[in-house]
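Visitor: Sharing a structure, written as structure tokens. Questions coming.
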Amino acid sequence: KALLFLIILIAVIVITPFQLIAQNNLDRSVRVSAVVTESPASITLNWVLHADATGYTIYRKAKGASFWGSPKATLTGTTNTWTDNAVIVGNTYEYRIDKSGGAATGYGYILSGIKVAATHSRGKMLLLIDDTYTTPLATEIDRLIADMRGDGWQVIRKDISRTLPVPDVKDIIKTEYNADPTNFNTLFILGHIAVPYSGNIYPDGHPDHQGAWPADVYYAEMNSTWTDVTVNNTVANRPENDNIPDDGKFDQSAIPSDVELQVGRVDVYNMPSINPDDVVLMKQYLNKNHAFRTGAFTVQRRGLVDDNFMGYNIAITGLRNFPPMFDAANVVDNYVNGADYVTLLTAGDYLFTYGCGGGWYQGASGVASTGTWATDSLKTVFTSLAGSYFGDWDNADAFLRAPLASKSPTLINFWGGIPHWPIHYFAMGDPIGLCTKLSQNNGGLYDGNFNGAQRSIHIALMGDPTLRLHNMG
């Protein structure tokens, strides 16, 4: 344990000076927003110029298409707007903007459309409920199901024991999927249902926890065989990361084939610094979930980015995704504005926020800690936090799960930046679960690599996968 503390201390302290000498993440991000006109139909893209850009290249594809195709436009480095007149009212279009020149290539993504029809049927979802909550939270669970059905979901409910082994949980999921693979698209894990472990990884670069990491993607991938015969590694400080043949932890470090399901988990078990009673914490989460969905509280539609890793290719998840949601003018960051995560979130509210810094299992330097979430109300609904160690989230007082267990209105969190998550679909009303699936399946369609982490088994959503940026209230 003393060695682990020393390594964490080095991670927090030694990494910091590097930020001052490397390029910043604004160089890698094209911060784009869109303005649409119905007649004549057009979509105009606007972005923040880079002083050292030599050019911008525009690509367009249909939503869900696997290739970008040929460029639609090649523009000068001093151009920050482009209008697409070849669009049809009612259709959805996805754009990519590449920035050339300067310290690094930059990318931006946005989904846009004009009078796109509302989605009334979102498909079938399986709600797997830890039966610890079945009786004490009956009212809150029934209300959650009603809320999701009101948003267009067909909900299949299964209450299971938190002691049910991982293979048996997977069998339940596969049975539902095989019954209707066309329509069954989402898995919502509510509680401390068995956590799959897989791989021989340490995507944050710290070999003291190399080995198996939590892998909820196992529950989302329906077609491949997951093995437990080849990895033999016990170098990690935490025995949970040990992975040896036939121990119930899988060999796969990368997702073996595209996941079929959108998956998210709300697990507030073993959070003693906030409240040792996870029934109380789950009730609190379900209450704030309902409050957001029904508009019982309001949050300003703006974003915040606190990048304490300016020398690393991490904070782009916030820098490039928030402008499509809110416009760049409504995103504050610590490059220009001196934004500090806790300071701003205790003083005001932001719908989506991002923070990264040198990490440990219960916090990130310059951002916050599990203790912060226990004592303060940080007024954000959606957040993404990145740093060393806490991407390995199945442990006591885990920082990645802390926002969900807190009294803050926060409903989702994910380890964004290792790799980057493409979440620009969220701006157009798609659920965060779809953005999770895009991130897990991303093999290069979206720039997202960091430390070889694309398609890694650790990519996971903490929170309700059916939530959308625009609430129902």
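Letters for chains follow the order of the structure tokens (A, B, ...), residue numbers begin at 1 for each chain, and ligand numbers begin at 1 in the order shown.
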Just the residues within 10 Å of Met148 (chain A), please, counting only C-alpha atoms, with nothing from its chain fewer than 6 positions along; format it as a list in words.

Guide: Arg122, Met125, Gln154, Val155, His290, Arg293, Thr466 and Leu467 of chain A

Visitor: Per residue of region 361-418 of chain A within 12 Å of region 230-238 of chain A, record the nearest atom pair and its distance in Å to one decimal, counting only C-alpha atoms, with rows in chain order and ascending residue number, as CSV.

Guide:
residue,atom,partner,partner_atom,distance
A:Tyr361,CA,A:Arg238,CA,11.3
A:Tyr389,CA,A:Arg238,CA,11.2
A:Asp392,CA,A:Arg238,CA,10.6
A:Asp394,CA,A:Arg238,CA,11.2
A:Asn395,CA,A:Arg238,CA,9.9

Visitor: Could you write out the selected residues, including N, CA, C and O atoms, as a PDB file, in the first residue's frame?

Guide:
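Output contents, as saved in result_19.pdb:
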ATOM      1  N   TYR A 361      -7.456   6.336  -7.070  1.00  0.00           N
ATOM      2  CA  TYR A 361      -8.748   5.655  -7.119  1.00  0.00           C
ATOM      3  C   TYR A 361      -9.902   6.523  -6.639  1.00  0.00           C
ATOM      4  O   TYR A 361     -11.041   6.338  -7.064  1.00  0.00           O
ATOM      5  N   TYR A 389      -5.914   5.615 -12.594  1.00  0.00           N
ATOM      6  CA  TYR A 389      -6.474   4.691 -11.614  1.00  0.00           C
ATOM      7  C   TYR A 389      -7.987   4.623 -11.566  1.00  0.00           C
ATOM      8  O   TYR A 389      -8.557   3.527 -11.534  1.00  0.00           O
ATOM      9  N   ASP A 392     -10.511   2.235 -13.303  1.00  0.00           N
ATOM     10  CA  ASP A 392     -10.675   0.907 -12.704  1.00  0.00           C
ATOM     11  C   ASP A 392     -11.633   1.086 -11.527  1.00  0.00           C
ATOM     12  O   ASP A 392     -11.227   1.230 -10.383  1.00  0.00           O
ATOM     13  N   ASP A 394     -14.327  -0.475  -9.875  1.00  0.00           N
ATOM     14  CA  ASP A 394     -15.056  -1.382  -8.989  1.00  0.00           C
ATOM     15  C   ASP A 394     -14.303  -1.530  -7.667  1.00  0.00           C
ATOM     16  O   ASP A 394     -13.722  -2.578  -7.367  1.00  0.00           O
ATOM     17  N   ASN A 395     -14.314  -0.453  -6.858  1.00  0.00           N
ATOM     18  CA  ASN A 395     -13.620  -0.474  -5.580  1.00  0.00           C
ATOM     19  C   ASN A 395     -14.295   0.517  -4.629  1.00  0.00           C
ATOM     20  O   ASN A 395     -15.151   1.302  -5.038  1.00  0.00           O
TER      21      ASN A 395
END

Visitor: CA of Arg265 (chain A) and CA of Thr134 (chain A), how far apart in Å?

Guide: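 Atom-to-atom, CA of Thr134 (chain A) to CA of Arg265 (chain A), that is 16.6 Å.
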
Visitor: Any chance you could list, as a ChimeraX atom specification, the residues in region 261-384 of chain A that come up helix (DSSP H, G or I) when DSSP is run on the backbone?

Guide: /A:278-293,316-319,322-326,328-330,341-347,370-375

Visitor: Near Ser406 (chain A), counting only C-alpha atoms, which residues have an atom at most 7 Å away, once you skip same-chain residues fewer than 4 positions from it, shown as a PyMOL selection string?

Guide: chain A and resi 274+373-374+402

Visitor: May I have the selected residues written with all heavy atoms, as a tab-separated table (two decimals), in the first residue's frame?

Guide:
chain	number	residue	atom	x	y	z
A	274	ILE	N	-19.50	8.51	1.39
A	274	ILE	CA	-20.72	9.28	1.10
A	274	ILE	C	-21.86	8.79	1.97
A	274	ILE	O	-22.51	9.58	2.66
A	274	ILE	CB	-21.06	9.20	-0.40
A	274	ILE	CG1	-19.91	9.81	-1.22
A	274	ILE	CG2	-22.38	9.90	-0.69
A	274	ILE	CD1	-20.12	9.74	-2.72
A	373	TRP	N	-17.39	15.11	-3.53
A	373	TRP	CA	-18.76	14.76	-3.87
A	373	TRP	C	-19.57	14.43	-2.62
A	373	TRP	O	-20.80	14.59	-2.60
A	373	TRP	CB	-18.78	13.57	-4.84
A	373	TRP	CG	-18.27	13.91	-6.20
A	373	TRP	CD1	-17.03	13.66	-6.70
A	373	TRP	CD2	-18.97	14.59	-7.25
A	373	TRP	NE1	-16.91	14.13	-7.98
A	373	TRP	CE2	-18.10	14.70	-8.35
A	373	TRP	CE3	-20.26	15.10	-7.37
A	373	TRP	CZ2	-18.46	15.31	-9.54
A	373	TRP	CZ3	-20.64	15.70	-8.57
A	373	TRP	CH2	-19.75	15.80	-9.63
A	374	ALA	N	-18.89	13.98	-1.56
A	374	ALA	CA	-19.60	13.65	-0.32
A	374	ALA	C	-20.07	14.89	0.42
A	374	ALA	O	-21.11	14.87	1.08
A	374	ALA	CB	-18.70	12.82	0.58
A	402	ALA	N	-18.65	8.15	-7.72
A	402	ALA	CA	-19.01	9.10	-6.68
A	402	ALA	C	-20.06	10.13	-7.10
A	402	ALA	O	-20.98	10.43	-6.32
A	402	ALA	CB	-17.76	9.81	-6.18

Visitor: Contacts of Ile412 (chain A) at 6 Å or less, counting only C-alpha atoms, minus same-chain residues fewer than 2 places along, as a list in words?

Guide: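 Within the cut-off, the hits are Phe382, Met462 and Gly463 of chain A.
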
Visitor: Report as a VMD selection string: the residues of region 257-315 of chain A with a DSSP assignment of strand (DSSP E), based on the backbone of this structure.

Guide: chain A and resid 262 to 266 303 to 307

Visitor: Counting only C-alpha atoms, give me one row per residue of region 381-406 of chain A with an atom at most 9 Å from an atom of region 312-330 of chain A, showing the shortest contact pair and its distance in Å to one decimal, sorted by chain then residue number, as CSV.

Guide:
residue,atom,partner,partner_atom,distance
A:Ser384,CA,A:Gly318,CA,7.8
A:Ala386,CA,A:Ile314,CA,7.7
A:Gly387,CA,A:Ile314,CA,9.0

Visitor: Would you write out those residues with C-alpha atoms, as an mmCIF file, in the first residue's frame?

Guide:
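Writing done, so here's part-v1.cif:
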data_model
loop_
_atom_site.group_PDB
_atom_site.id
_atom_site.type_symbol
_atom_site.label_atom_id
_atom_site.label_comp_id
_atom_site.auth_asym_id
_atom_site.auth_seq_id
_atom_site.Cartn_x
_atom_site.Cartn_y
_atom_site.Cartn_z
ATOM 1 C CA SER A 384 -16.828 13.100 -17.583
ATOM 2 C CA ALA A 386 -10.325 11.346 -16.453
ATOM 3 C CA GLY A 387 -7.106 10.557 -14.655
#

Visitor: Give me, as number ranges by chain, all polymer residues having an atom no more than 12 Å from Trp393 (chain A), counting only C-alpha atoms and skipping those fewer than 2 positions away in the same chain.

Guide: A: 195-197, 212-216, 240-241, 265-271, 360-363, 385-391, 395-402, 413-415, 458-462

Visitor: Region 57-61 of chain A: which residues within 7 Å, counting only C-alpha atoms, same-chain residues fewer than 2 positions away excluded, as an mmCIF file with all heavy atoms, in the first residue's frame?

Guide:
data_model
loop_
_atom_site.group_PDB
_atom_site.id
_atom_site.type_symbol
_atom_site.label_atom_id
_atom_site.label_comp_id
_atom_site.auth_asym_id
_atom_site.auth_seq_id
_atom_site.Cartn_x
_atom_site.Cartn_y
_atom_site.Cartn_z
ATOM 1 N N GLY A 55 -5.391 25.134 -42.991
ATOM 2 C CA GLY A 55 -6.565 24.776 -43.764
ATOM 3 C C GLY A 55 -7.548 23.937 -42.968
ATOM 4 O O GLY A 55 -7.215 23.394 -41.903
ATOM 5 N N LYS A 63 -25.956 9.689 -40.950
ATOM 6 C CA LYS A 63 -25.863 9.175 -39.592
ATOM 7 C C LYS A 63 -25.857 7.645 -39.617
ATOM 8 O O LYS A 63 -26.680 7.012 -40.268
ATOM 9 C CB LYS A 63 -27.053 9.681 -38.770
ATOM 10 C CG LYS A 63 -27.061 9.195 -37.327
ATOM 11 C CD LYS A 63 -28.299 9.680 -36.596
ATOM 12 C CE LYS A 63 -28.341 9.177 -35.167
ATOM 13 N NZ LYS A 63 -29.577 9.596 -34.457
ATOM 14 N N ALA A 65 -23.529 5.799 -40.990
ATOM 15 C CA ALA A 65 -22.659 5.286 -42.046
ATOM 16 C C ALA A 65 -21.258 5.023 -41.504
ATOM 17 O O ALA A 65 -20.808 5.678 -40.560
ATOM 18 C CB ALA A 65 -22.594 6.271 -43.205
ATOM 19 N N TRP A 68 -16.484 8.110 -44.235
ATOM 20 C CA TRP A 68 -16.679 9.534 -44.475
ATOM 21 C C TRP A 68 -16.690 9.887 -45.953
ATOM 22 O O TRP A 68 -17.306 10.869 -46.358
ATOM 23 C CB TRP A 68 -15.588 10.341 -43.769
ATOM 24 C CG TRP A 68 -15.778 10.376 -42.286
ATOM 25 C CD1 TRP A 68 -15.081 9.655 -41.352
ATOM 26 C CD2 TRP A 68 -16.751 11.133 -41.569
ATOM 27 N NE1 TRP A 68 -15.561 9.922 -40.091
ATOM 28 C CE2 TRP A 68 -16.577 10.835 -40.191
ATOM 29 C CE3 TRP A 68 -17.734 12.046 -41.938
ATOM 30 C CZ2 TRP A 68 -17.366 11.416 -39.196
ATOM 31 C CZ3 TRP A 68 -18.522 12.623 -40.950
ATOM 32 C CH2 TRP A 68 -18.332 12.308 -39.605
ATOM 33 N N SER A 70 -15.319 11.187 -49.694
ATOM 34 C CA SER A 70 -14.481 12.284 -50.182
ATOM 35 C C SER A 70 -14.861 13.596 -49.508
ATOM 36 O O SER A 70 -16.002 13.782 -49.075
ATOM 37 C CB SER A 70 -14.643 12.430 -51.695
ATOM 38 O OG SER A 70 -14.293 11.231 -52.357
ATOM 39 N N PRO A 71 -13.913 14.526 -49.422
ATOM 40 C CA PRO A 71 -14.216 15.824 -48.801
ATOM 41 C C PRO A 71 -15.308 16.570 -49.546
ATOM 42 O O PRO A 71 -15.409 16.515 -50.772
ATOM 43 C CB PRO A 71 -12.881 16.576 -48.881
ATOM 44 C CG PRO A 71 -11.838 15.522 -49.026
ATOM 45 C CD PRO A 71 -12.481 14.419 -49.801
ATOM 46 N N LYS A 72 -16.124 17.293 -48.796
ATOM 47 C CA LYS A 72 -17.136 18.175 -49.368
ATOM 48 C C LYS A 72 -16.572 19.562 -49.657
ATOM 49 O O LYS A 72 -17.085 20.287 -50.517
ATOM 50 C CB LYS A 72 -18.330 18.290 -48.420
ATOM 51 C CG LYS A 72 -19.128 17.017 -48.257
ATOM 52 C CD LYS A 72 -19.832 16.641 -49.547
ATOM 53 C CE LYS A 72 -20.674 15.399 -49.381
ATOM 54 N NZ LYS A 72 -21.339 15.000 -50.660
ATOM 55 N N ALA A 73 -15.545 19.948 -48.911
ATOM 56 C CA ALA A 73 -14.957 21.272 -49.112
ATOM 57 C C ALA A 73 -13.552 21.292 -48.515
ATOM 58 O O ALA A 73 -13.284 20.630 -47.511
ATOM 59 C CB ALA A 73 -15.807 22.357 -48.467
ATOM 60 N N THR A 74 -12.685 22.061 -49.160
ATOM 61 C CA THR A 74 -11.341 22.311 -48.639
ATOM 62 C C THR A 74 -11.177 23.818 -48.538
ATOM 63 O O THR A 74 -11.302 24.537 -49.544
ATOM 64 C CB THR A 74 -10.263 21.715 -49.557
ATOM 65 O OG1 THR A 74 -10.484 20.299 -49.686
ATOM 66 C CG2 THR A 74 -8.872 21.951 -48.990
ATOM 67 N N LEU A 75 -10.916 24.312 -47.329
ATOM 68 C CA LEU A 75 -10.972 25.738 -47.050
ATOM 69 C C LEU A 75 -9.636 26.240 -46.525
ATOM 70 O O LEU A 75 -8.789 25.467 -46.065
ATOM 71 C CB LEU A 75 -12.071 26.015 -46.016
ATOM 72 C CG LEU A 75 -13.448 25.413 -46.323
ATOM 73 C CD1 LEU A 75 -14.371 25.550 -45.128
ATOM 74 C CD2 LEU A 75 -14.053 26.075 -47.558
ATOM 75 N N TYR A 93 -27.623 14.812 -40.859
ATOM 76 C CA TYR A 93 -26.309 14.771 -41.491
ATOM 77 C C TYR A 93 -25.224 14.873 -40.425
ATOM 78 O O TYR A 93 -25.345 15.632 -39.457
ATOM 79 C CB TYR A 93 -26.152 15.918 -42.487
ATOM 80 C CG TYR A 93 -27.223 15.932 -43.563
ATOM 81 C CD1 TYR A 93 -28.405 16.646 -43.374
ATOM 82 C CD2 TYR A 93 -27.068 15.199 -44.733
ATOM 83 C CE1 TYR A 93 -29.397 16.650 -44.340
ATOM 84 C CE2 TYR A 93 -28.059 15.196 -45.711
ATOM 85 C CZ TYR A 93 -29.226 15.918 -45.505
ATOM 86 O OH TYR A 93 -30.209 15.916 -46.463
ATOM 87 N N GLU A 94 -24.169 14.106 -40.641
ATOM 88 C CA GLU A 94 -23.039 14.117 -39.720
ATOM 89 C C GLU A 94 -21.826 14.709 -40.431
ATOM 90 O O GLU A 94 -21.502 14.309 -41.556
ATOM 91 C CB GLU A 94 -22.742 12.699 -39.238
ATOM 92 C CG GLU A 94 -21.730 12.637 -38.121
ATOM 93 C CD GLU A 94 -21.607 11.243 -37.525
ATOM 94 O OE1 GLU A 94 -22.260 10.308 -38.040
ATOM 95 O OE2 GLU A 94 -20.840 11.087 -36.556
ATOM 96 N N TYR A 95 -21.171 15.647 -39.762
ATOM 97 C CA TYR A 95 -20.037 16.349 -40.370
ATOM 98 C C TYR A 95 -18.765 16.133 -39.548
ATOM 99 O O TYR A 95 -18.807 15.997 -38.327
ATOM 100 C CB TYR A 95 -20.318 17.855 -40.431
ATOM 101 C CG TYR A 95 -21.510 18.226 -41.277
ATOM 102 C CD1 TYR A 95 -22.782 18.336 -40.704
ATOM 103 C CD2 TYR A 95 -21.378 18.462 -42.643
ATOM 104 C CE1 TYR A 95 -23.882 18.680 -41.473
ATOM 105 C CE2 TYR A 95 -22.470 18.807 -43.423
ATOM 106 C CZ TYR A 95 -23.721 18.915 -42.835
ATOM 107 O OH TYR A 95 -24.816 19.255 -43.596
ATOM 108 N N ARG A 96 -17.653 16.140 -40.273
ATOM 109 C CA ARG A 96 -16.321 16.100 -39.666
ATOM 110 C C ARG A 96 -15.511 17.243 -40.250
ATOM 111 O O ARG A 96 -15.525 17.452 -41.466
ATOM 112 C CB ARG A 96 -15.644 14.772 -39.963
ATOM 113 C CG ARG A 96 -14.225 14.642 -39.429
ATOM 114 C CD ARG A 96 -13.615 13.306 -39.867
ATOM 115 N NE ARG A 96 -12.445 13.495 -40.695
ATOM 116 C CZ ARG A 96 -11.942 12.586 -41.506
ATOM 117 N NH1 ARG A 96 -12.539 11.410 -41.651
ATOM 118 N NH2 ARG A 96 -10.861 12.837 -42.215
ATOM 119 N N ILE A 97 -14.811 17.969 -39.379
ATOM 120 C CA ILE A 97 -13.924 19.039 -39.836
ATOM 121 C C ILE A 97 -12.514 18.719 -39.365
ATOM 122 O O ILE A 97 -12.277 18.538 -38.162
ATOM 123 C CB ILE A 97 -14.358 20.411 -39.278
ATOM 124 C CG1 ILE A 97 -15.801 20.714 -39.645
ATOM 125 C CG2 ILE A 97 -13.442 21.508 -39.802
ATOM 126 C CD1 ILE A 97 -16.301 22.026 -39.092
ATOM 127 N N ASP A 98 -11.590 18.642 -40.310
ATOM 128 C CA ASP A 98 -10.183 18.425 -39.989
ATOM 129 C C ASP A 98 -9.436 19.737 -40.088
ATOM 130 O O ASP A 98 -9.551 20.448 -41.095
ATOM 131 C CB ASP A 98 -9.549 17.432 -40.958
ATOM 132 C CG ASP A 98 -10.174 16.045 -40.886
ATOM 133 O OD1 ASP A 98 -11.101 15.849 -40.072
ATOM 134 O OD2 ASP A 98 -9.731 15.169 -41.646
ATOM 135 N N LYS A 99 -8.653 20.042 -39.057
ATOM 136 C CA LYS A 99 -7.792 21.220 -39.076
ATOM 137 C C LYS A 99 -6.365 20.782 -39.363
ATOM 138 O O LYS A 99 -5.843 19.880 -38.708
ATOM 139 C CB LYS A 99 -7.853 21.939 -37.723
ATOM 140 C CG LYS A 99 -7.076 23.255 -37.643
ATOM 141 C CD LYS A 99 -5.652 23.146 -37.117
ATOM 142 C CE LYS A 99 -5.526 22.589 -35.748
ATOM 143 N NZ LYS A 99 -4.094 22.618 -35.248
#
